[in-house]
Structure formats: structure tokens, C-alpha cells
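Visitor: Just dropping this structure here.
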Amino acid sequence: MTTNVVWFRNDLRVADHAPLLEACKRANDLGEKVLPVFIFDPDWFGKTAFGFSRVSRSRGRFFLESINDLSRQLEQLGGKLHLLMGETASVLADLSEKAGVRSVLCHHEVASEEMKIEEAARSRLTDLAVDLVAFPATTMVDWMNPPFEVSETPEVFTKFRRLVEKRGVFSPPLPPPKSVDGSFEAISGEVTISEIQAMDWFPDCAVPSQDEKASLYRGGVVAGELRLQHYLWDTDALSRYKETRNGMLEVDDSSKLSAWLAFGCLSAKQVMSEVDRYEIERVKNDSTYWLKFELLWRDFFLFMSAKHGSKLYRSGGLQGREIPWNQDDRHFDAWKFGRTGYPLVDANMRELFQSGYMSNRGRQNVASFLTKNLGLDWRLGAEWFESRLIDHDPSLNYGNWNYAAGIGNDAREYRWFNINKQAVAYDPDGKYVRHWLPELRQVSTEWIHRPWAMNQSLQESSRCVIGVDYPEPIVDLFHSAEVNKKRYAVASGNRQHHAQQELLKF
Ligand SMILES: Cc1cc2nc3c(=O)[nH]c(=O)nc-3n(C[C@H](O)[C@H](O)[C@H](O)COP(=O)(O)OP(=O)(O)OC[C@H]3O[C@@H](n4cnc5c(N)ncnc54)[C@H](O)[C@@H]3O)c2cc1C
């Protein structure tokens with residue numbers, strides 16, 4: 001009997017899943033079999049270019065929980081998720097030969113490494129006369145009917161958003177299939193979740209955190225839907241999103257949906273349609289619009305990734321702007337582990353390390369500090385984020401880092417965040433900083449964001465002696481920003497010069 005493989009990737013759900021629906025339709029209409037698989041490709045668990053583990057323990061846990069949950073969801077529909085391990089193209093080719101496969105159905109992914117995997121699989125399968133059918137990636141904007149060709153995607157978000165919003169209605173998410181034909185026996189080479197766990201692919205263990213945000217992150221559709229239910233319907237936190245979204249401390253300051261979106265336990269269309277329903281049944285205001293606005297940023301970076309491919313990851317980024325970065329391991333370690341002497345940066349970096357999450361406000365500040373104050377290569381920061389974030393998504397992470405480092409889609413020439421000002425604006429009473437930096441807990445609000453300015457006796461009475469309990473600032477904020485601004489200006493000059501030279505060649 002003919003078989004259609006459904007190859008799950010970063011789309012670990014059964015609803016709004018075009019490949020699964022199509023396979024189930026073929027099963028109903030043509031009597032073909034459905035074979036859902038997930039492939040653990042060891043490449044995925046290796047090291048980044050700078051040598052960090054690509055998947056932290058907390059992300060690995062979220063990931064395996066999501067796989068477990070998907071497996072349960074498929075069982076409830078009468079199906080079975082088959083777990084395989086190895087180089088993806090070979091596993092799919094091997095499976096196709098053994099199981100009489102007609103086609104492999106999957107979602108297309110836009111990040112360049114994922115595209116390479118898909119291309120390698122396509123080429124192996126074509127040799128076996130098996131179709132690889134890749135359905136469009138799951139964004140809110142419909143790839144089959146976009147307001148512009150991918151190659152013509154506007155480089156500036158505002159233009160992108162206007163064109164998308166002008167087009168209007170997004171198509172609704174697809175329903176789950178009614179049933180998944182589950183008559184498949186075991187396949188040779190199948191692995192279990194316990195076997196994967198035993199491989200210890202996620203050795204880069206985070207310090208176990210008691211933080212509420214860390215315990216929030218349970219992988220899988222059920223947990224994602226519970227979070228959506230909580231944020232919209234149980235607490236109405238969505239109706240205040242625009243006012244609270246820059247907060248760094250409270251769980252409900254923002255939706256915290258990013259990890260479920262990154263693994264595809266929830267699709268952006270599902271979130272969008274739930275917000276639409278909320279607007280009809282509860283309230284429609286600036287906040288409800290703003291969540292959709294942020295989800296459009298997600299689409300924007302996915303389109304950018306599809307448009308520019310591997311350019312997103314090169315040192316000069318999308319602009320090809322080569323900045324002569326500093327080499328300073330001591331400064332990078334201080335940033336990584338939250339010991340820069342700037343409480344806002346340190347609190348955010350420790351939160352990331354301990355919980356696997358950081359707010360958008362925090363991410364913007366620490367990225368600015370790494371590139372515009374320490375003058376360090378943005379890819380160090382992006383790779384560290386990749387290694388630590390539970391919600392890591394290559395297009396979003398590298399797209400945002402390009403933007404923050406001033407080599408991507410930011411229309412402004414040199415955007416620099418004044419950490420001192422940001423700290424007072426977004427953590428006025430120092431609650432956030434005290435939460436993550438125990439050594440500052442007794443420092444009064446007046447000094448909490450500039451502990452270095454306390455005199456000796458204040459330092460002693462607050463149990464925060466600078467240089468002993470908490471580091472001195474590792475760079476001067478304003479001087480370092482000025483130095484780096486000049487360096488960016490020189491790099492821009494060089495780039496223009498280079499572009500002129502290139503033009504003269506023709
Ligand atoms: C340097 C840097 C790196 C980042 N890396 C990632 C990453 O790897 N994965 C990731 O999901 N987000 C990333 N972001 C975007 C953003 O910080 C997170 O999506 C957000 O903080 C997640 O929290 P939330 O779900 O509560 O967001 P909310 O404020 O509730 O927003 C809702 C959703 O909108 C999307 N969104 C919000 N802000 C952005 C943005 N700036 N760019 C793209 N989409 C956005 C996300 O899907 C998010 O879940 C990064 C931002 C920066 C500045």
C-alpha cells in the first residue's frame with residue numbers, strides 16, 4: 001500500500017498543519033497510509049562556530065516535552081509518531097525504500113541550514129522517485145498569496161507592515177485532521193525519548209532556577225494552549241499588553257508565547273485567530289493590535305531570512321558592513337555571565353543563563369551593550385543567545401542581532417541604548433535588578449542602577465562593596481559608545497569606498 005510520510009520539523013502540532021491534513025486526506029480519499037516521523041539529526045545538537053552547545057538543557061527539555069506531547073496528540077487521533085535518528089536525508093531515503101513511500105510531506109523552513117537539509121533530502125528522494133512536498137512555512141502572511149514577491153520583500157519593517165496590512169485578511173488556521181491512520185507497525189531503527197535523553201545531547205546545564213518564568217516553559221501544544229488561555233481569557237493580560245510589554249520582571253508583562261511559536265507547538269495563525277476572537281468577545285484596543293504588530297515582526301524576519309539566506313549569518317550581516325570588532329575574551333565572559341558592572345545588563349544576562357528567557361527590552365539592551373559599548377563581534381552574542389534561549393529561532397535571533405548590531409534592517413545609522421537611562425525608565429524601583437542580582441538586594445533605589453557611585457560607607461552598609469561583592473563597570477558607558485560610533489563610521493566609509501570601487505569595475 002502507498003505511504004505518505006509526514007516529516008515533522010519545527011511544527012510540533014496536529015492543528016494548522018497542512019502536510020498532516022493532506023496525508024490524512026489521501027488516506028481517506030485514496031486509501032493510502034500516513035506515517036508521521038520525527039528525525040533527531042545529531043548535527044542539530046553540535047556546537048556553534050564559537051564552540052557553544054547549540055541546545056541548552058532547558059531548551060532540550062522543552063523540545064523533548066514537545067515531541068512527547070505531539071506523540072500523545074497523534075495517538076489520540078489513532079496515529080503514531082515514529083522517532084528516528086541520523087542524518088535526515090539518509091534516514092528519509094532509507095525509510096522510503098523500506099516502507100513503500102510515495103511522498104514525504106513537510107513544512108518548508110526558511111532558515112538557510114534548514115533549507116539545505118530540505119534540499120539534501122529532496123535530492124536523495126528524487127533519485128528514489130519519491131516526491132518531497134514542502135508546504136509553505138507557517139507565518140501569518142500567506143506565502144501563496146503575498147503582497148510582494150519574496151525577492152521584493154521591503155527591507156524596512158514599516159513598509160513591510162503597511163503592505164501586509166493593506167492586503168487585509170489573513171487566512172484562518174487549518175483544523176486538525178479527524179483521524180490519522182495508525183495501522184503502521186514499528187519501523188526498524190526507531191528510538192525512544194528515553195534513549196535520546198540518555199545520549200546527553202544537552203550537557204550545557206543551566207543553574208536550576210526557581211524563577212516562575214522558567215517553570216512556565218513546558219513544551220507541547222497543551223502547555224502552549226494553556227498559556228494562551230491564561231494570557232487572554234483568564235487574566236485579560238492581553239488587554240494591557242501595550243503598557244506592560246516592556247516590563248522585564250512579571251510573567252504576564254508579555255505573552256511569553258515565543259517558545260511554543262519557535263517549536264511550532266502553536267502557529268502564529270492560531271495565536272492571531274485567538275486574538276481576533278478575543279477582540280470580538282472581550283475587547284479590541286491598542287494592546288490587542290500591538291500583539292498582532294509584534295507577530296508581524298516575526299513574519300518580517302522570516303521573510304528576510306527567505307530573501308537573504310546565509311547572508312544573515314555572515315560577519316558583515318545583511319548590509320555586508322565589516323566592522324573591525326575587538327577581541328577580548330575577558331569582556332565577553334563578563335557579558336555572558338552577567339559581571340559587567342552594569343546592573344541592567346547583568347540582571348538580563350543572568351536571567352538568560354538561569355531561565356532560558358529574556359524580555360525583548362532586555363535583549364535589545366544587552367545586544368546594544370555587546371556591540372556598541374564592548375565593540376565585540378555580534379555573532380558571539382547571537383551564538384550565545386542560540387545556545388541559551390528556549391525560544392531560539394534562527395531567523396528571529398540572527399535577524400534581530402543584525403538589526404541591533406547596525407548591520408541589518410535598521411534604517412538608523414547608529415542606534416545605541418543608553419543603559420543608565422533604560423534602567424531608570426524600565427526598572428524604576430530596581431525590582432528586576434534585585435531579583436536577579438542578590439548582591440544588590442540591599443542597595444537602595446537611589447543607587448541601584450549605579451552602585452559604583454556609592455561612597456565607601458554606603459557600599460559597606462548596603463553589603464555591596466564595588467570590586468569585592470559586585471564588579472566595577474568594565475567600560476565607561478559614554479566613552480566606549482563614542483569610540484564604537486567612530487569605528488562604525490569608518491566601516492561605513494570603507495563600505496561606500498568599496499561599493500564605489502565595485503561600481504568602477506563595470
Ligand atoms: C537580539 C534579539 C534576539 C532575539 N532572538 C529571538 C529568538 O531567538 N526567538 C524569538 O522568538 N524571538 C527573539 N527575539 C524577539 C523577542 O525578543 C522575543 O520574541 C520576545 O521577547 C519573546 O517574548 P514574548 O513571547 O513574551 O513576546 P511578546 O512581546 O508577547 O510578543 C509576541 C510574539 O511576537 C513575536 N515577536 C515579538 N518581538 C519580536 C521581535 N523583535 N522580532 C521578531 N518577533 C517578535 C514573537 O513571536 C513573540 O512571541 C529577539 C530579539 C532580540 C532583540
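Just so we're on the same page: first chain in the C-alpha cells is A, next is B, and so on; residues restart at 1 for each chain, and ligands are numbered from 1 in the order they show up.
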Just the residues within 8 Å of Leu228 in chain A, please, counting only C-alpha atoms, with nothing from its chain fewer than 4 positions along; format it as an mmCIF file with N, CA and C atoms, in the first residue's frame.

Guide:
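Result saved to around30.cif:
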data_model
loop_
_atom_site.group_PDB
_atom_site.id
_atom_site.type_symbol
_atom_site.label_atom_id
_atom_site.label_comp_id
_atom_site.auth_asym_id
_atom_site.auth_seq_id
_atom_site.Cartn_x
_atom_site.Cartn_y
_atom_site.Cartn_z
ATOM 1 N N GLY A 224 1.149 25.146 25.625
ATOM 2 C CA GLY A 224 1.055 26.381 24.834
ATOM 3 C C GLY A 224 -0.374 26.929 24.859
ATOM 4 N N LEU A 232 -4.902 35.443 27.611
ATOM 5 C CA LEU A 232 -6.048 36.136 27.009
ATOM 6 C C LEU A 232 -7.264 36.056 27.920
ATOM 7 N N TRP A 233 -7.757 34.866 28.129
ATOM 8 C CA TRP A 233 -9.094 34.699 28.689
ATOM 9 C C TRP A 233 -9.134 34.711 30.208
ATOM 10 N N SER A 255 3.402 38.156 26.343
ATOM 11 C CA SER A 255 2.649 36.899 26.182
ATOM 12 C C SER A 255 3.445 35.653 26.556
ATOM 13 N N LEU A 257 4.789 33.663 24.570
ATOM 14 C CA LEU A 257 4.399 32.583 23.650
ATOM 15 C C LEU A 257 5.546 32.144 22.747
ATOM 16 N N VAL A 271 -2.492 31.833 17.022
ATOM 17 C CA VAL A 271 -2.474 32.913 18.027
ATOM 18 C C VAL A 271 -3.290 34.090 17.501
#

Visitor: Per residue of chain A within 6 Å of ligand 1, which atom pair is closest and at what distance in Å (one decimal), using only C-alpha atoms and all ligand atoms, listed by chain and increasing number, as a tab-separated table?

Guide:
residue	atom	partner	partner_atom_place_in_ligand_line	distance
A:Arg245	CA	ligand 1	29 (O)	5.6
A:Ser254	CA	ligand 1	26 (O)	4.1
A:Ser255	CA	ligand 1	30 (O)	3.5
A:Lys256	CA	ligand 1	26 (O)	3.2
A:Leu257	CA	ligand 1	25 (O)	4.0
A:Ser258	CA	ligand 1	49 (O)	3.3
A:Ala262	CA	ligand 1	11 (O)	5.9
A:Leu291	CA	ligand 1	32 (C)	5.7
A:Glu294	CA	ligand 1	34 (O)	4.2
A:Leu295	CA	ligand 1	34 (O)	4.0
A:Trp297	CA	ligand 1	43 (C)	4.5
A:Arg298	CA	ligand 1	44 (N)	3.5
A:Ser359	CA	ligand 1	21 (O)	4.3
A:Asn360	CA	ligand 1	17 (O)	3.4
A:Arg363	CA	ligand 1	53 (C)	4.4
A:Gln364	CA	ligand 1	53 (C)	4.2
A:Ala367	CA	ligand 1	1 (C)	5.5
A:Asp391	CA	ligand 1	9 (N)	4.8
A:His392	CA	ligand 1	8 (O)	3.4
A:Asp393	CA	ligand 1	8 (O)	4.2
A:Leu396	CA	ligand 1	6 (C)	4.8
A:Asn397	CA	ligand 1	5 (N)	3.4
A:Asn400	CA	ligand 1	2 (C)	4.6
A:Trp401	CA	ligand 1	1 (C)	4.4

Visitor: For the residues in that selection, give me C-alpha atoms as a tab-separated table (two decimals), in the first residue's frame.

Guide:
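So the final result, stored in result_19.tsv, reads:
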chain	number	residue	atom	x	y	z
A	245	ARG	CA	5.22	44.68	27.20
A	254	SER	CA	4.24	39.98	27.71
A	255	SER	CA	2.65	36.90	26.18
A	256	LYS	CA	5.65	34.53	26.65
A	257	LEU	CA	4.40	32.58	23.65
A	258	SER	CA	7.74	32.68	21.83
A	262	ALA	CA	9.58	28.60	17.86
A	291	LEU	CA	0.35	41.79	19.80
A	294	GLU	CA	4.74	42.09	17.15
A	295	LEU	CA	3.72	38.90	15.38
A	297	TRP	CA	7.82	41.46	13.23
A	298	ARG	CA	8.14	37.70	13.39
A	359	SER	CA	12.44	40.05	27.61
A	360	ASN	CA	12.58	41.92	24.33
A	363	ARG	CA	17.58	41.57	24.53
A	364	GLN	CA	17.80	44.97	22.86
A	367	ALA	CA	22.80	43.40	22.30
A	391	ASP	CA	12.68	30.20	22.18
A	392	HIS	CA	15.65	30.29	19.81
A	393	ASP	CA	14.59	30.70	16.20
A	396	LEU	CA	14.39	35.80	14.55
A	397	ASN	CA	17.58	35.62	16.56
A	400	ASN	CA	17.26	40.81	15.45
A	401	TRP	CA	21.01	40.67	16.10

Visitor: Please run DSSP on the backbone and report, as a PyMOL selection string, all residues within range 268-352 of chain A that come out as helix (DSSP H, G or I).

Guide: chain A and resi 268-281+286-313+329-336+343-352

Visitor: Nearest to Tyr426 in chain A among A:Glu113, A:Asp253, A:Glu87, A:Glu65, with distances taken over only C-alpha atoms: which residue is it?

Guide: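 Under the stated criterion, the closest residue is A:Asp253.
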
Visitor: Using only C-alpha atoms, which of A:Ile117, A:Leu105, A:Ile390, A:Val14 sits nearest Ser58 in chain A?

Guide: A:Ile390

Visitor: Pick out the closest residue to Ala491 in chain A from this set: A:Ser194, A:Asn402, A:Gln319, A:Asn420. Count only C-alpha atoms.

Guide: A:Gln319

Visitor: Record the distance separating CA of His107 in chain A and CA of Ala137 in chain A, expressed in Å with one decimal.

Guide: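 Going from CA of His107 in chain A over to CA of Ala137 in chain A covers 5.7 Å.
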
Visitor: List as a tab-separated table every residue of range 342-407 of chain A that is in contact with range 332-337 of chain A, defined as an atom at most 9 Å from one of its atoms (using only C-alpha atoms), together with the nearest atom pair and the distance in Å rounded to one decimal, sorted by chain and then rising number.

Guide:
residue	atom	partner	partner_atom	distance
A:Val345	CA	A:Trp335	CA	7.6
A:Asp346	CA	A:Trp335	CA	7.2
A:Met349	CA	A:Phe337	CA	6.2
A:Arg350	CA	A:Phe337	CA	6.2
A:Phe353	CA	A:Phe337	CA	7.3
A:Val366	CA	A:Trp335	CA	8.2
A:Phe369	CA	A:Trp335	CA	8.7
A:Leu370	CA	A:Trp335	CA	7.3
A:Leu374	CA	A:Phe332	CA	8.2
A:Leu376	CA	A:Phe332	CA	7.5
A:Leu380	CA	A:Phe332	CA	8.2
A:Gly381	CA	A:Lys336	CA	8.2
A:Trp384	CA	A:Lys336	CA	7.6

Visitor: Env of Pro177 in chain A: 7 Å cut, atoms = only C-alpha atoms, seq-sep filter 2 positions within chain, self excluded. Answer as an MDAnalysis selection string.

Guide: chainID A and resid 21 24 175 179:180

Visitor: Could you write those residues out with N, CA and C atoms, as a compact mmCIF listing (two decimals), in the first residue's frame?

Guide:
# COMPACT_ATOMS: atom_id res chain seq x y z
N LEU A 21 -2.65 17.25 7.25
CA LEU A 21 -4.01 17.25 6.71
C LEU A 21 -4.05 16.61 5.31
N CYS A 24 -3.65 12.89 5.54
CA CYS A 24 -4.88 12.26 6.03
C CYS A 24 -5.96 12.27 4.95
N PRO A 175 -7.96 23.25 10.48
CA PRO A 175 -8.37 22.38 11.61
C PRO A 175 -7.46 21.16 11.71
N SER A 179 -8.89 12.04 11.93
CA SER A 179 -8.19 10.85 12.41
C SER A 179 -6.91 10.67 11.60
N VAL A 180 -5.98 9.91 12.18
CA VAL A 180 -4.73 9.62 11.48
C VAL A 180 -4.62 8.10 11.42

Visitor: Would you mind telling me which residue in A:Cys464, A:Ile280, A:Glu439, A:Trp201 lies nearest to Ser53 in chain A when using only C-alpha atoms?

Guide: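 Checking each candidate against Ser53 in chain A, we get A:Trp201 as the closest.
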
Visitor: Name the residues of range 269-503 of chain A that come out as strand (DSSP E or B) in a backbone DSSP run; write them as a tab-separated table (two decimals) with C-alpha atoms, in the first residue's frame.

Guide:
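Result file follows (result-v7.tsv):
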chain	number	residue	atom	x	y	z
A	326	ASN	CA	37.52	43.94	19.39
A	376	LEU	CA	32.54	42.76	20.29
A	466	ILE	CA	32.40	47.51	44.46
A	470	TYR	CA	29.98	43.40	42.63

Visitor: Please indicate the distance in Å from CA of Phe8 in chain A to CA of Phe62 in chain A, rounded to one decimal place.

Guide: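 Going from CA of Phe8 in chain A over to CA of Phe62 in chain A covers 16.0 Å.
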
Visitor: Between A:Arg59, A:Arg463, A:Pro154, A:Met454, single out the one closest to Arg388 in chain A, counting only C-alpha atoms.

Guide: A:Arg59

Visitor: In Å, how far is it from CA of Pro19 in chain A to CA of Val133 in chain A?

Guide: 8.2 Å

Visitor: At most 12 Å is the cut-off: for each residue in range 228-308 of chain A with any atom that close to an atom of range 69-74 of chain A, write down the nearest atom pair and the distance in Å rounded to one decimal, counting only C-alpha atoms, chain first then increasing number, as a tab-separated table.

Guide:
residue	atom	partner	partner_atom	distance
A:Phe263	CA	A:Leu70	CA	11.2
A:Gly264	CA	A:Leu70	CA	10.6
A:Cys265	CA	A:Leu70	CA	8.4
A:Leu266	CA	A:Leu70	CA	11.5

Visitor: Counting only C-alpha atoms, which of A:Leu296, A:Met199, A:Leu20, A:Met144 gets nearest to Lys178 in chain A?

Guide: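 Once distances to Lys178 in chain A are computed over only C-alpha atoms, the minimum belongs to A:Leu20.
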
Visitor: Within 6 Å of Ser287 in chain A, counting only C-alpha atoms, which residues qualify if same-chain residues fewer than 2 places away don't, as a list in words?

Guide: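 The residues that qualify are Ser239, Arg240, Tyr241, Lys242, Asn285, Tyr289 and Trp290 of chain A.
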